[in-house]
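Everything below concerns the one structure shown next.
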Amino acid sequence: MPVHLPSDLMVSVSGVRGRVGDPLTPELVSAITAAFGAFLRSEGATGPVYVARDSRTSGPMFVRAAIAGLLSVGCDVVALSIVPTPTLLLAVEDGGGAGGIGITASHNPAEWNALKLVSGEGIFLDAAMSARFRSYLAEVDPPRATWDRLGMVREDVGAWARHLERIVALPHIDVAAIQRARMYVAVDCVRGAGGPPIGNLLHELGCTYTGIGMEPDGRFPRDPEPTAANLGELGRLVRETGAALGLAIDPDADRLALVDGGGRPVGEDVTLALATAAVLRRTPGTVVTNLSTSLLVDDVARAYGCSVVRAPVGEVNVARRMQAERAVVGGEGNGGVILPALHYTRDAPLAVALVLQHLVDEELSLAEAVAQWPSYEIVKRKVGFPREALSGAYEALAQDLGAEETDLSDGLRMAWPGRSSWLHVRPSGTEPVVRLIAEAPDAATAEQLVRRAEQVLDGVA
C-alpha cells in the first residue's frame, strides 16, 4: 500500500523525523525505506543502498527496520553501522550506490530519530527529487521482490578510514605543519557518532586531547545541539586542562562549534569563517552560504578578493548552489563546512582539520584568530506561529521594517547593508516552529530586530 505519513511527522527536503514510538515506529520506517528503494529503482538508479546511523539508542531498531524494507523490494544493502553522516554520503558517492539512508536526527534530543535520504550523487535529496519521492510514497504500492530476488546485505567497516584518508590528503591540509604545532585540545562529542572518528583524526594530525562524551552510546548528557548555551562543560574542561581550544561535535558529526582558550564559545558561524579562510588562502574562488549565516563570512571572502553567494537554508540547497557557482568552499552558519574538493556535504571532521590549519597558518590562538575580524552579534528565537499565515506575516514585516534589501527565496530575509544588519524569518524544516534570526554589530540592535518581528507576528496571528 502507499504510505500515509502521520501529520506529526516532520517532513523536510532531505527526509522525515519524529519522536521515537509516536509517530516514528519500525513499521513506518520499513514502509518508507521500501518505498525509497523502489523509487530509486524507478528513477533508473543502480547499485546498493548504503545505510548508516548515529549513536541513538533507537538506532539498532530502526537500522533493522530500514534494511528489511530495502531488502523486501530487491535492493542490496551496504551497512556501515555507526559513522558520521558525511562518511555515509562519501561512501555512497565513491561506491556507486543507488542512494543512502542515514538514521539520525542530527541535533534533536535523544527521543527523536529520523531518516535522512541520500541520492546517488552522495548528497541529500534536492527539492525536485524529494517532491518526486513524496508523490511516489503517497501514490505507489512498491512492488515487493519474490523470495529469489530479495536483496543481500554486506557490511563495510572501512568507510570512516577511507574518509579520514581523504581528509588528510587534501591540498588544503598541511598535515606536517599541524603535527609540528603539537596542539592540545578539548573535545565534546556528546556521546554521538563523532567520538572515535574525531579521536582518530586528532591523532593523525599530531594533536593530543582530553574528551568528554566520546563514547558513542547515544545517551546524550545535555541538549546535543552545539550552541553556545550547551557548551558550558566543554568550556570548563578547556580552562581546567589548559587546552588551546575546545571542539564540540553534534551527534551525527556534520557540525562543529568552537570554544576558545578561555573557555568561551565563539559562535557557530566562526567555524565556517575560519575554515573558509584556510581554503581561500590556497584556492581563491566563490563562497556559498545560506541566508542565515553571519556577515563574518563575507568579511573573510572580501579579504581574499572573493565573493559570497547566498542560498536558502538547508544543506542540499547550499550544495546545489555551490555546484552551480563552482564554489571552492561553502556551508552553513550552524558549524557546517562543505569543501567540494572532498564532497558536497557538511563535514565536522573536515571542519576540525581546516580550523586547525587556519590557526597554524596564522600562528594565532583561536581568540586571536577571531579578533582579526569584525565582531557581530546574532540573536535567535523560536516562536510558535501558524504556517498558513506566514505569507501575510511576511508582508506585514516588510511593510513595518522597511528593509534596504529583501529576499523571499526562503521565508523572508530583510537586510540593511549600510548598518551591517539583517533579519531572517522562516519556518523550521526540523521543528514545528518559526525561526527568527537577526544579526547586527551589537546585541541590542539584533535583539531589537527580533523583538519587533515578534510584535508584528503577534499582531498577525
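The chains in the C-alpha cells are called A, B, ... from first to last as shown; in each chain the residues are counted from 1, and the ligands are counted from 1 in the order shown.
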Interface rows for region 95-139 of chain A against region 326-344 of chain A: nearest pair, Å to one decimal, 10 Å, only C-alpha atoms, as a tab-separated table:
residue	atom	partner	partner_atom	distance
A:Glu121	CA	A:Tyr344	CA	9.1
A:Gly122	CA	A:Tyr344	CA	7.7
A:Ile123	CA	A:Tyr344	CA	6.5
A:Phe124	CA	A:Tyr344	CA	9.5
Checklist entry - What residues in region 12-131 of chain A get the DSSP label strand (DSSP E)? Please answer as an NGL selection string. => result :A and (12 or 15-19 or 49-53 or 77-82 or 99-103 or 112-119)
Selection export as a PDB file, in the first residue's frame, atoms kept: N, CA and C atoms:
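Output contents, as saved in again-v7.pdb:
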ATOM      1  N   SER A  12      10.841  17.082   5.623  1.00  0.00           N
ATOM      2  CA  SER A  12      11.647  18.129   5.006  1.00  0.00           C
ATOM      3  C   SER A  12      12.193  17.622   3.682  1.00  0.00           C
ATOM      4  N   GLY A  15      14.259  14.336   4.167  1.00  0.00           N
ATOM      5  CA  GLY A  15      13.713  13.134   4.778  1.00  0.00           C
ATOM      6  C   GLY A  15      12.631  13.415   5.787  1.00  0.00           C
ATOM      7  N   VAL A  16      12.534  12.542   6.776  1.00  0.00           N
ATOM      8  CA  VAL A  16      11.484  12.665   7.791  1.00  0.00           C
ATOM      9  C   VAL A  16      12.090  12.478   9.174  1.00  0.00           C
ATOM     10  N   ARG A  17      11.480  13.095  10.174  1.00  0.00           N
ATOM     11  CA  ARG A  17      11.921  12.884  11.546  1.00  0.00           C
ATOM     12  C   ARG A  17      10.743  12.987  12.483  1.00  0.00           C
ATOM     13  N   GLY A  18      10.860  12.297  13.622  1.00  0.00           N
ATOM     14  CA  GLY A  18       9.788  12.318  14.598  1.00  0.00           C
ATOM     15  C   GLY A  18      10.236  11.698  15.905  1.00  0.00           C
ATOM     16  N   ARG A  19       9.376  11.737  16.879  1.00  0.00           N
ATOM     17  CA  ARG A  19       9.676  11.144  18.177  1.00  0.00           C
ATOM     18  C   ARG A  19       9.571   9.628  18.081  1.00  0.00           C
ATOM     19  N   VAL A  49      22.037   0.273  -1.764  1.00  0.00           N
ATOM     20  CA  VAL A  49      21.672   1.401  -0.919  1.00  0.00           C
ATOM     21  C   VAL A  49      22.494   1.314   0.362  1.00  0.00           C
ATOM     22  N   TYR A  50      23.185   2.374   0.695  1.00  0.00           N
ATOM     23  CA  TYR A  50      24.035   2.413   1.894  1.00  0.00           C
ATOM     24  C   TYR A  50      23.207   2.877   3.084  1.00  0.00           C
ATOM     25  N   VAL A  51      23.397   2.214   4.221  1.00  0.00           N
ATOM     26  CA  VAL A  51      22.644   2.532   5.429  1.00  0.00           C
ATOM     27  C   VAL A  51      23.613   2.724   6.587  1.00  0.00           C
ATOM     28  N   ALA A  52      23.441   3.823   7.312  1.00  0.00           N
ATOM     29  CA  ALA A  52      24.280   4.094   8.482  1.00  0.00           C
ATOM     30  C   ALA A  52      23.430   4.787   9.530  1.00  0.00           C
ATOM     31  N   ARG A  53      23.988   4.948  10.716  1.00  0.00           N
ATOM     32  CA  ARG A  53      23.238   5.595  11.791  1.00  0.00           C
ATOM     33  C   ARG A  53      24.170   6.358  12.699  1.00  0.00           C
ATOM     34  N   VAL A  77      22.015  -3.989   0.108  1.00  0.00           N
ATOM     35  CA  VAL A  77      22.305  -3.008   1.157  1.00  0.00           C
ATOM     36  C   VAL A  77      23.764  -3.123   1.576  1.00  0.00           C
ATOM     37  N   VAL A  78      24.413  -1.963   1.740  1.00  0.00           N
ATOM     38  CA  VAL A  78      25.725  -1.896   2.366  1.00  0.00           C
ATOM     39  C   VAL A  78      25.536  -1.230   3.727  1.00  0.00           C
ATOM     40  N   ALA A  79      25.829  -1.954   4.792  1.00  0.00           N
ATOM     41  CA  ALA A  79      25.608  -1.464   6.156  1.00  0.00           C
ATOM     42  C   ALA A  79      26.912  -0.919   6.726  1.00  0.00           C
ATOM     43  N   LEU A  80      26.881   0.341   7.176  1.00  0.00           N
ATOM     44  CA  LEU A  80      28.079   0.997   7.698  1.00  0.00           C
ATOM     45  C   LEU A  80      28.101   1.077   9.222  1.00  0.00           C
ATOM     46  N   SER A  81      27.017   0.777   9.891  1.00  0.00           N
ATOM     47  CA  SER A  81      26.908   0.888  11.346  1.00  0.00           C
ATOM     48  C   SER A  81      27.003   2.350  11.770  1.00  0.00           C
ATOM     49  N   ILE A  82      27.673   2.633  12.911  1.00  0.00           N
ATOM     50  CA  ILE A  82      27.731   3.995  13.453  1.00  0.00           C
ATOM     51  C   ILE A  82      28.891   4.747  12.819  1.00  0.00           C
ATOM     52  N   GLY A  99      21.792   5.080  -3.657  1.00  0.00           N
ATOM     53  CA  GLY A  99      21.419   6.108  -2.699  1.00  0.00           C
ATOM     54  C   GLY A  99      21.840   5.687  -1.316  1.00  0.00           C
ATOM     55  N   GLY A 100      21.345   6.391  -0.325  1.00  0.00           N
ATOM     56  CA  GLY A 100      21.704   6.073   1.047  1.00  0.00           C
ATOM     57  C   GLY A 100      20.633   6.518   2.015  1.00  0.00           C
ATOM     58  N   ILE A 101      20.695   5.966   3.202  1.00  0.00           N
ATOM     59  CA  ILE A 101      19.770   6.331   4.273  1.00  0.00           C
ATOM     60  C   ILE A 101      20.576   6.513   5.547  1.00  0.00           C
ATOM     61  N   GLY A 102      20.534   7.711   6.101  1.00  0.00           N
ATOM     62  CA  GLY A 102      21.158   7.988   7.380  1.00  0.00           C
ATOM     63  C   GLY A 102      20.093   8.009   8.458  1.00  0.00           C
ATOM     64  N   ILE A 103      20.240   7.151   9.449  1.00  0.00           N
ATOM     65  CA  ILE A 103      19.261   7.083  10.534  1.00  0.00           C
ATOM     66  C   ILE A 103      19.805   7.942  11.662  1.00  0.00           C
ATOM     67  N   TRP A 112      14.173  11.720  19.686  1.00  0.00           N
ATOM     68  CA  TRP A 112      13.888  11.864  18.262  1.00  0.00           C
ATOM     69  C   TRP A 112      14.790  10.952  17.446  1.00  0.00           C
ATOM     70  N   ASN A 113      14.299  10.547  16.280  1.00  0.00           N
ATOM     71  CA  ASN A 113      15.155   9.950  15.274  1.00  0.00           C
ATOM     72  C   ASN A 113      14.597  10.312  13.906  1.00  0.00           C
ATOM     73  N   ALA A 114      15.329   9.965  12.863  1.00  0.00           N
ATOM     74  CA  ALA A 114      14.940  10.420  11.539  1.00  0.00           C
ATOM     75  C   ALA A 114      15.566   9.556  10.465  1.00  0.00           C
ATOM     76  N   LEU A 115      15.029   9.697   9.269  1.00  0.00           N
ATOM     77  CA  LEU A 115      15.615   9.114   8.071  1.00  0.00           C
ATOM     78  C   LEU A 115      16.079  10.261   7.185  1.00  0.00           C
ATOM     79  N   LYS A 116      17.387  10.361   6.965  1.00  0.00           N
ATOM     80  CA  LYS A 116      17.919  11.313   6.011  1.00  0.00           C
ATOM     81  C   LYS A 116      18.187  10.557   4.712  1.00  0.00           C
ATOM     82  N   LEU A 117      17.569  10.996   3.653  1.00  0.00           N
ATOM     83  CA  LEU A 117      17.612  10.265   2.390  1.00  0.00           C
ATOM     84  C   LEU A 117      18.634  10.887   1.442  1.00  0.00           C
ATOM     85  N   VAL A 118      19.449  10.019   0.857  1.00  0.00           N
ATOM     86  CA  VAL A 118      20.614  10.436   0.081  1.00  0.00           C
ATOM     87  C   VAL A 118      20.471   9.938  -1.357  1.00  0.00           C
ATOM     88  N   SER A 119      20.788  10.797  -2.313  1.00  0.00           N
ATOM     89  CA  SER A 119      20.762  10.387  -3.722  1.00  0.00           C
ATOM     90  C   SER A 119      22.072   9.707  -4.093  1.00  0.00           C
TER      91      SER A 119
END
Checklist entry - Hey, what's within 10 Å of Ala176 (chain A) if we count only C-alpha atoms and toss same-chain stuff fewer than 2 positions away? As number ranges by chain, please? => result A: 173-174, 178-181, 204-206
Checklist entry - Between A:Ala353, A:Ala169, A:Leu201, A:Ala243, which one has atoms that come closest to Ala275 (chain A), using only C-alpha atoms? => result A:Ala353
Next on the checklist: I'd like the contact shell of region 294-304 of chain A - 8 Å cut-off, only C-alpha atoms, skipping same-chain residues fewer than 2 positions apart - returned as a ChimeraX atom specification.
Outcome noted: /A:269-270,272-273,276-277,280-281,284,287,292,306-308,333,373-376,378,420,439
Next on the checklist: As an exercise, work out the distance from CA of Ala161 (chain A) to CA of Asp254 (chain A) in Å and give it to one decimal place.
Outcome noted: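 Rounded to one decimal, the two atoms are 16.5 Å apart.
Between Asn108 (chain A) and the residues A:Pro142, A:Asp252, A:His4, A:Gly96, the shortest atom-to-atom distance, using only C-alpha atoms, involves A:Asp252.
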Item to check | All residues 7 Å or closer to Ala31 (chain A), only C-alpha atoms, same chain fewer than 3 positions away omitted, as JSON, numbers by chain | outcome: {"A": [3, 27, 28, 34, 35, 69]}
Take the residues from that selection and write them out as an mmCIF file, in the first residue's frame, keeping N, CA and C atoms.
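Writing done, so here's selection-v2.cif:
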data_model
loop_
_atom_site.group_PDB
_atom_site.id
_atom_site.type_symbol
_atom_site.label_atom_id
_atom_site.label_comp_id
_atom_site.auth_asym_id
_atom_site.auth_seq_id
_atom_site.Cartn_x
_atom_site.Cartn_y
_atom_site.Cartn_z
ATOM 1 N N VAL A 3 2.200 4.812 1.320
ATOM 2 C CA VAL A 3 2.482 5.157 2.708
ATOM 3 C C VAL A 3 1.793 6.459 3.078
ATOM 4 N N GLU A 27 7.626 -0.036 11.956
ATOM 5 C CA GLU A 27 6.742 -0.345 10.830
ATOM 6 C C GLU A 27 6.743 0.795 9.812
ATOM 7 N N LEU A 28 6.691 2.040 10.319
ATOM 8 C CA LEU A 28 6.701 3.190 9.421
ATOM 9 C C LEU A 28 8.047 3.310 8.715
ATOM 10 N N ALA A 34 11.230 0.896 2.129
ATOM 11 C CA ALA A 34 10.839 0.051 0.994
ATOM 12 C C ALA A 34 10.434 0.930 -0.183
ATOM 13 N N ALA A 35 9.636 1.944 0.091
ATOM 14 C CA ALA A 35 9.225 2.859 -0.970
ATOM 15 C C ALA A 35 10.428 3.601 -1.547
ATOM 16 N N GLY A 69 13.072 -3.190 4.957
ATOM 17 C CA GLY A 69 12.289 -2.552 3.914
ATOM 18 C C GLY A 69 13.002 -2.558 2.573
#
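Using only C-alpha atoms, the nearest neighbour of Leu412 (chain A) within the list A:Ala396, A:Ala138, A:Val175, A:Val259 is A:Ala396.
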